[in-house]
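Worksheet: the structure to be examined is printed underneath.
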Amino acid sequence: MISAASDIDDLLTSGQVTGWDVALATIAVAFSWIAGRGVRRTVLRLAGRIEGVGEDLRQFVARLAKYLVWVVGVGVALGFLGAQVQPLLAVAAVVAVTGVLALKGIGENFVAGLVIQTRHPFQRGDRIEALGHVGTVVDVNGRTVVLETGDGRTVHLPNAEVLQHPIVNVTATRRQKAEVEVRADARAGLDAVLDALAAALDPLGAGHEQPRITIRSIGTGSFVLHIGVWHDVGDTASETVRAVAAALFDAGIAATVSSPPPAGREVPA
């Protein structure tokens, strides 16, 4: 940059730069200034038409486009003045590489955020499981996906990490599956336990796939059964637990009914 400035000073003092050169350089700078602002407004308007692109992404891309136009204008102006712009370009390249290395993580999250907001694996208001966290998506910005967990915590997940790992969108199909475990007294008999469970689960399967009962183990003291019940998003497994426990109690069957969390799901402390 210092070399370019020295070249300009030498050209001005040597008389090699005419008034027309200075005028054209001034026009180039002024035009690039105006064009940069116009490009920024155009990019903002076009980006606003893309569904799911956040305001921070729009502003970042628009500013980047404006600065690019300004840099081109300055280069054209220096060319009119006859200056050697190679040293300036070299400095700019070094600064650009340094900036890319320093902002690598930010750039990765920005690009990942753009992909998330354009491909829509989930939207605001969806309940998702990602990176070991479960919560409702409240925001997707240029850096993170923001979740609100069931216990009221706010979790910020880096966009790049979210995009590189499995994402479970619980609300995508508007239904989810509750898993219930039953440990029943073996003295009641397996058939009696299955009949009581069938009576309790039949109403719960309305509008969804029928509940599925799986016998996991049969011992001398107890039977262990797992039940899978589909229900609407927002409902909890507690309804199934209550219905199953009540049916077994009414049938005079001693049992323990519980709803363990699925493997890998975050359990609030």
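Scheme for the structure tokens: letters A, B, ... for chains in order shown; per-chain residue numbers from 1; ligand numbers from 1 in order shown.
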
Tell me, as a ChimeraX atom specification, which residues lie within 12 Å of Val140 (chain A), counting only C-alpha atoms; anything in the same chain fewer than 3 positions away does not count. /A:52-57,109-110,112-118,120-126,136-137,143-147,155-159,162

DSSP-assigned strand (DSSP E) members of region 142-234 of chain A, reported as a PyMOL selection string: chain A and resi 144-148+154-158+167-169+175-185+212-218+222-232

Using only C-alpha atoms, which residue out of A:Phe31, A:Gly38, A:Val43, A:Phe60 lies closest to Val76 (chain A)? A:Phe31
